[in-house]
$ cat model19.csv   # CSV, C-alpha atoms
chain,number,residue,atom,x,y,z
D,24,MET,CA,32.1,-22.0,-79.7
D,25,GLY,CA,34.4,-19.0,-79.3
D,26,SER,CA,31.9,-16.7,-77.8
D,27,ARG,CA,32.3,-13.0,-77.9
D,28,LEU,CA,32.2,-12.4,-74.2
D,29,PRO,CA,32.6,-15.3,-71.8
D,30,PRO,CA,29.1,-15.0,-70.3
D,31,ALA,CA,28.5,-16.3,-66.8
D,32,ALA,CA,25.8,-18.5,-68.2
D,33,LEU,CA,28.2,-21.1,-69.7
D,34,SER,CA,27.7,-24.5,-68.2
D,35,LEU,CA,30.7,-26.4,-67.1
D,36,LYS,CA,30.6,-28.7,-70.2
D,37,GLN,CA,30.3,-25.7,-72.5
D,38,PHE,CA,33.1,-24.0,-70.7
D,39,LEU,CA,35.4,-27.0,-71.0
D,40,GLN,CA,34.5,-27.4,-74.6
D,41,ARG,CA,35.4,-23.7,-75.2
D,42,GLN,CA,38.8,-24.2,-73.6
D,43,LYS,CA,39.3,-27.3,-75.7
D,44,VAL,CA,38.6,-25.4,-78.9
D,45,LEU,CA,40.9,-22.6,-78.0
D,46,GLY,CA,43.6,-25.2,-77.1
D,47,VAL,CA,43.2,-26.8,-80.5
D,48,TYR,CA,43.4,-23.5,-82.2
D,49,ARG,CA,46.6,-22.6,-80.3
D,50,SER,CA,48.2,-25.9,-81.1
D,51,MET,CA,47.3,-25.4,-84.7
D,52,LEU,CA,48.9,-22.0,-84.8
D,53,ARG,CA,52.0,-23.4,-83.1
D,54,THR,CA,52.3,-26.2,-85.6
D,55,ILE,CA,51.8,-23.9,-88.5
D,56,ARG,CA,54.8,-21.9,-87.3
D,57,GLN,CA,57.0,-24.8,-88.1
D,58,VAL,CA,56.0,-24.9,-91.7
D,59,PRO,CA,58.8,-23.8,-94.0
D,60,GLY,CA,57.9,-21.0,-96.4
D,61,GLU,CA,56.1,-17.8,-95.4
D,62,ALA,CA,53.5,-18.1,-98.1
D,63,ASP,CA,52.4,-21.5,-97.0
D,64,ARG,CA,52.3,-20.4,-93.4
D,65,LYS,CA,50.1,-17.4,-94.3
D,66,TYR,CA,47.8,-19.6,-96.3
D,67,LEU,CA,47.5,-22.2,-93.5
D,68,ARG,CA,46.9,-19.5,-90.9
D,69,ASP,CA,44.2,-17.9,-93.0
D,70,TRP,CA,42.6,-21.2,-93.6
D,71,ALA,CA,42.6,-22.2,-89.9
D,72,ARG,CA,41.2,-18.8,-89.0
D,73,GLU,CA,38.5,-19.0,-91.6
D,74,GLU,CA,37.4,-22.5,-90.5
D,75,PHE,CA,37.3,-21.6,-86.8
D,76,LYS,CA,35.5,-18.3,-87.3
D,77,ARG,CA,33.0,-19.9,-89.7
D,78,ASN,CA,31.7,-22.2,-87.0
D,79,LYS,CA,32.1,-19.7,-84.2
D,80,ASN,CA,28.4,-19.6,-83.5
D,81,ALA,CA,27.6,-23.2,-83.3
D,82,THR,CA,25.6,-24.2,-80.2
D,83,ASN,CA,24.9,-27.9,-80.7
D,84,GLN,CA,27.3,-29.7,-78.4
D,85,ASP,CA,27.6,-32.8,-80.5
D,86,ALA,CA,28.3,-30.8,-83.6
D,87,ILE,CA,31.0,-28.9,-81.7
D,88,ARG,CA,32.5,-32.1,-80.6
D,89,MET,CA,32.6,-33.4,-84.1
D,90,MET,CA,34.3,-30.2,-85.2
D,91,ILE,CA,36.9,-30.5,-82.5
D,92,THR,CA,37.7,-34.0,-83.6
D,93,GLN,CA,38.0,-32.8,-87.2
D,94,ALA,CA,40.3,-30.1,-86.2
D,95,THR,CA,42.4,-32.5,-84.1
D,96,ASN,CA,42.7,-34.8,-87.1
D,97,HIS,CA,43.8,-31.9,-89.3
D,98,LEU,CA,46.3,-31.0,-86.7
D,99,GLU,CA,47.8,-34.5,-86.5
D,100,GLU,CA,48.0,-34.7,-90.2
D,101,LEU,CA,49.9,-31.5,-90.4
D,102,GLN,CA,52.2,-32.6,-87.7
D,103,LYS,CA,52.9,-35.9,-89.4
D,104,SER,CA,53.6,-34.2,-92.7
D,105,LEU,CA,56.0,-31.9,-91.0
D,106,SER,CA,57.9,-34.6,-89.3
D,107,LEU,CA,58.1,-36.5,-92.5
D,108,ALA,CA,59.4,-33.5,-94.3
D,109,ARG,CA,61.9,-32.9,-91.7
D,110,SER,CA,63.4,-36.4,-91.7
A,14,MET,CA,98.1,-14.2,-102.9
A,15,ALA,CA,95.8,-13.7,-100.0
A,16,ALA,CA,98.8,-12.8,-97.8
A,17,ARG,CA,99.6,-9.9,-100.2
A,18,VAL,CA,96.1,-8.5,-100.0
A,19,LEU,CA,96.1,-8.8,-96.3
A,20,GLN,CA,99.3,-6.9,-96.0
A,21,GLN,CA,98.0,-4.2,-98.2
A,22,CYS,CA,95.1,-3.8,-95.9
A,23,VAL,CA,97.3,-3.8,-92.9
A,24,ARG,CA,99.4,-1.1,-94.5
A,25,SER,CA,96.5,1.1,-95.2
A,26,LEU,CA,95.4,0.7,-91.6
A,27,GLY,CA,98.7,1.2,-89.8
A,28,ARG,CA,100.7,4.0,-91.2
A,29,PRO,CA,103.2,4.0,-88.2
A,30,SER,CA,104.5,0.7,-89.5
A,31,LEU,CA,106.1,2.6,-92.4
A,32,ARG,CA,108.5,4.4,-90.1
A,33,LEU,CA,109.3,1.5,-87.8
A,34,CYS,CA,110.0,-1.2,-90.3
A,35,PRO,CA,113.6,-1.9,-90.9
A,36,VAL,CA,113.4,-1.8,-94.6
A,37,ASN,CA,115.2,-4.4,-96.5
A,38,LEU,CA,115.8,-3.0,-99.9
A,39,ALA,CA,117.2,-6.2,-101.2
A,40,LEU,CA,114.1,-8.0,-100.2
A,41,ARG,CA,112.0,-5.4,-101.8
A,42,ALA,CA,113.7,-5.7,-105.1
A,43,ALA,CA,113.6,-9.4,-105.0
A,44,VAL,CA,109.9,-9.6,-104.6
A,45,ALA,CA,107.4,-9.1,-107.4
A,46,PRO,CA,106.8,-5.5,-108.5
A,47,ALA,CA,104.4,-3.5,-106.4
A,48,VAL,CA,101.0,-3.1,-107.8
A,49,THR,CA,100.4,0.5,-106.7
A,50,VAL,CA,103.1,3.0,-107.4
A,51,HIS,CA,102.4,5.3,-104.4
A,52,ARG,CA,103.1,2.5,-102.0
A,53,PRO,CA,106.8,2.5,-101.1
A,54,PHE,CA,106.6,-1.0,-99.8
A,55,SER,CA,106.4,-4.1,-101.8
A,56,PHE,CA,105.0,-7.3,-100.7
A,57,ALA,CA,107.0,-9.1,-98.2
A,58,ALA,CA,107.4,-12.8,-98.2
A,59,ASP,CA,109.5,-12.7,-95.1
A,60,SER,CA,107.6,-14.4,-92.2
A,61,ARG,CA,109.4,-12.3,-89.6
A,62,ARG,CA,108.1,-9.1,-91.2
A,63,THR,CA,104.6,-10.6,-91.6
A,64,ARG,CA,104.5,-11.3,-87.9
A,65,TRP,CA,105.8,-8.0,-87.0
A,66,LEU,CA,103.3,-6.2,-89.2
A,67,GLY,CA,100.6,-8.2,-87.6
A,68,GLN,CA,101.7,-6.9,-84.2
A,69,SER,CA,101.8,-3.3,-85.4
A,70,ARG,CA,98.4,-3.7,-86.8
A,71,ILE,CA,97.0,-4.6,-83.4
A,72,SER,CA,98.5,-1.5,-81.8
A,73,SER,CA,97.5,0.8,-84.6
A,74,VAL,CA,94.0,-0.4,-85.1
A,75,GLY,CA,93.4,0.0,-81.4
A,76,LEU,CA,92.5,-2.3,-78.6
A,77,LEU,CA,90.8,-5.4,-79.8
A,78,CYS,CA,87.8,-5.7,-77.6
A,79,ARG,CA,85.6,-8.7,-77.3
A,80,GLN,CA,82.1,-8.2,-78.6
A,81,TYR,CA,79.3,-10.4,-77.6
A,82,GLY,CA,76.0,-10.5,-79.5
A,83,ASP,CA,73.0,-9.9,-77.4
A,84,LEU,CA,69.7,-8.1,-77.6
A,85,PRO,CA,69.3,-4.6,-76.1
A,86,PRO,CA,68.2,-4.7,-72.5
A,87,LEU,CA,64.4,-4.7,-71.9
A,88,THR,CA,62.8,-1.9,-70.0
A,89,LEU,CA,59.1,-1.4,-69.2
A,90,GLU,CA,58.9,1.4,-71.8
A,91,THR,CA,60.4,-0.7,-74.6
A,92,ILE,CA,58.1,-3.6,-73.7
A,93,LYS,CA,55.1,-1.4,-73.8
A,94,ASP,CA,56.1,0.1,-77.2
A,95,ARG,CA,56.7,-3.3,-78.7
A,96,VAL,CA,53.4,-4.6,-77.4
A,97,LEU,CA,51.5,-1.6,-78.8
A,98,TYR,CA,53.3,-1.9,-82.1
A,99,VAL,CA,52.4,-5.6,-82.5
A,100,LEU,CA,48.8,-4.7,-81.7
A,101,LYS,CA,48.8,-2.0,-84.2
A,102,LEU,CA,50.1,-4.3,-86.9
A,103,TYR,CA,47.9,-7.2,-86.0
A,104,ASP,CA,44.3,-6.1,-86.5
A,105,LYS,CA,45.0,-2.4,-87.3
A,106,ILE,CA,43.7,-1.7,-83.9
A,107,ASN,CA,45.4,0.9,-81.7
A,108,PRO,CA,44.3,0.7,-78.1
A,109,GLU,CA,43.8,4.2,-76.9
A,110,LYS,CA,44.6,3.3,-73.4
A,111,VAL,CA,46.8,0.5,-72.2
A,112,THR,CA,44.0,-0.8,-70.1
A,113,SER,CA,41.6,-1.3,-72.9
A,114,HIS,CA,40.2,-4.8,-72.7
A,115,PHE,CA,40.4,-6.9,-75.8
A,116,MET,CA,37.0,-8.2,-75.6
A,117,LYS,CA,35.0,-5.6,-73.9
A,118,ASP,CA,36.6,-2.4,-75.4
A,119,LEU,CA,38.1,-3.5,-78.6
A,120,GLY,CA,35.5,-6.0,-79.6
A,121,LEU,CA,37.8,-8.9,-80.3
A,122,ASP,CA,36.9,-12.4,-79.6
A,123,SER,CA,38.8,-15.2,-77.9
A,124,LEU,CA,40.2,-16.5,-81.2
A,125,ASP,CA,41.7,-13.1,-81.8
A,126,GLN,CA,43.0,-13.1,-78.3
A,127,VAL,CA,44.8,-16.3,-78.9
A,128,GLU,CA,46.3,-14.9,-82.1
A,129,ILE,CA,47.4,-11.8,-80.3
A,130,ILE,CA,49.2,-13.8,-77.6
A,131,MET,CA,50.9,-15.9,-80.3
A,132,ALA,CA,52.1,-12.7,-82.0
A,133,MET,CA,53.5,-11.6,-78.7
A,134,GLU,CA,55.3,-14.9,-78.3
A,135,ASP,CA,56.8,-14.4,-81.7
A,136,GLU,CA,57.8,-10.8,-80.9
A,137,PHE,CA,59.5,-11.5,-77.6
A,138,GLY,CA,60.8,-15.0,-78.5
A,139,PHE,CA,59.5,-17.1,-75.6
A,140,GLU,CA,56.5,-19.3,-75.2
A,141,ILE,CA,53.6,-18.4,-73.0
A,142,PRO,CA,51.7,-21.5,-71.6
A,143,ASP,CA,48.0,-21.8,-72.3
A,144,ALA,CA,46.8,-21.4,-68.7
A,145,GLU,CA,48.5,-18.0,-68.4
A,146,ALA,CA,47.8,-16.9,-71.9
A,147,GLU,CA,44.1,-17.0,-71.6
A,148,LYS,CA,44.1,-14.6,-68.7
A,149,LEU,CA,45.9,-11.8,-70.5
A,150,MET,CA,43.1,-9.6,-71.6
A,151,THR,CA,44.6,-6.1,-71.8
A,152,PRO,CA,47.9,-4.7,-73.1
A,153,GLU,CA,48.8,-3.7,-69.6
A,154,GLU,CA,48.5,-7.3,-68.4
A,155,ILE,CA,50.7,-8.5,-71.2
A,156,VAL,CA,53.4,-5.9,-70.4
A,157,GLN,CA,53.3,-6.9,-66.7
A,158,TYR,CA,53.5,-10.6,-67.6
A,159,ILE,CA,56.5,-10.2,-69.9
A,160,ALA,CA,58.2,-8.0,-67.3
A,161,ASP,CA,57.7,-10.7,-64.7
A,162,LYS,CA,59.0,-13.4,-66.9
A,163,LYS,CA,62.0,-11.4,-68.1
A,164,ASP,CA,62.9,-10.0,-64.7
A,165,VAL,CA,62.6,-6.5,-65.8
A,166,TYR,CA,63.3,-4.3,-62.8
A,167,GLU,CA,60.6,-1.8,-62.3
$ encode --input "model19.csv" --output "structure tokens"
Amino acid sequence: MGSRLPPAALSLKQFLQRQKVLGVYRSMLRTIRQVPGEADRKYLRDWAREEFKRNKNATNQDAIRMMITQATNHLEELQKSLSLARS
Amino acid sequence: MAARVLQQCVRSLGRPSLRLCPVNLALRAAVAPAVTVHRPFSFAADSRRTRWLGQSRISSVGLLCRQYGDLPPLTLETIKDRVLYVLKLYDKINPEKVTSHFMKDLGLDSLDQVEIIMAMEDEFGFEIPDAEAEKLMTPEEIVQYIADKKDVYE
């Protein structure tokens, strides 16, 4: 997933997937910024980091796709809770 | 009550008002006894005097200048210092040279790079879009990018 060096050997699909993963990670971090409470924010940041780093070395494209979907679901959940909490 | 306190402050600020004020002894006697003995004046309920004291306050305190709140102006040096400071805090890494590549020299990966750019966004207070963020791979590039965005004159 998030490879150490972007090797020239990445196929187009892999490259796009990598960009997607980084995009999800970035959106996750941006959403976490809006959480009230520094302790919660730190906890969520560490959790997100752990999750992404744990699966860093996955190579199976389908597995990666599943993980991306999972992450997107988590992200949407977080965003919904935040908007509920704000209203 | 508040007016009394205010005028006490005014008096402590503007000593010249002592001389210039046309003292009205009768007025002084009529008003409640002064709280502090070393103050010759008692509290004035006279609106004329209040206004006049207000004016003298302005002249004695000095010119009232307008103050606008703003951040100190950015220079290349300050941007570089702040970027290096954020990097030092982030992963306890101190890039020896400004041109040390995050991935090749410092051994970070792309997730770390995303986090670093987010930290820079927090530090400088503006958002960096994804397309441009993923290209910033050395502290030098970050400094250049921020200088471009903030119109820092080189």
$ residues_around --input "model19.csv" --residues "range 92-106 of chain D" --least-positions-apart "4" --cutoff "9 Å" --atoms "all atoms listed in the file" --output "PyMOL selection string"
chain D and resi 44+47-48+50-51+54-55+57-58+87-88+110
$ closest_residue --input "model19.csv" --among "D:Phe75, D:Asp69, D:Phe38, D:Arg64" --to "chain A" --atoms "all atoms listed in the file"
D:Phe75
$ closest_residue --input "model19.csv" --among "D:Leu107, D:Leu52, D:Ala62, D:Leu67" --to "chain A" --atoms "all atoms listed in the file"
D:Leu52
$ closest_atom_pairs --input "model19.csv" --of "chain A" --to "chain D" --cutoff "8 Å" --atoms "all atoms listed in the file" --output "CSV"
residue,atom,partner,partner_atom,distance
A:Met116,CA,D:Leu28,CA,6.5
A:Lys117,CA,D:Leu28,CA,7.4
A:Gly120,CA,D:Arg27,CA,7.9
A:Leu121,CA,D:Arg27,CA,7.3
A:Asp122,CA,D:Arg27,CA,4.9
A:Ser123,CA,D:Gly25,CA,6.0
A:Leu124,CA,D:Gly25,CA,6.6
A:Val127,CA,D:Arg49,CA,6.7
A:Glu128,CA,D:Arg49,CA,7.9
A:Met131,CA,D:Leu52,CA,7.8
A:Asp143,CA,D:Gly46,CA,7.3
$ closest_residue --input "model19.csv" --among "A:Asp83, A:Glu145, A:Ala16, A:Leu89" --to "Asp164 in chain A" --atoms "all atoms listed in the file"
A:Leu89
$ atom_distance --input "model19.csv" --atom1 "CA of Val18 in chain A" --atom2 "CA of Leu76 in chain A"
22.6 Å
$ atom_distance --input "model19.csv" --atom1 "CA of His114 in chain A" --atom2 "CA of Asn80 in chain D"
21.8 Å
$ atom_distance --input "model19.csv" --atom1 "CA of Glu109 in chain A" --atom2 "CA of Leu97 in chain A"
9.8 Å
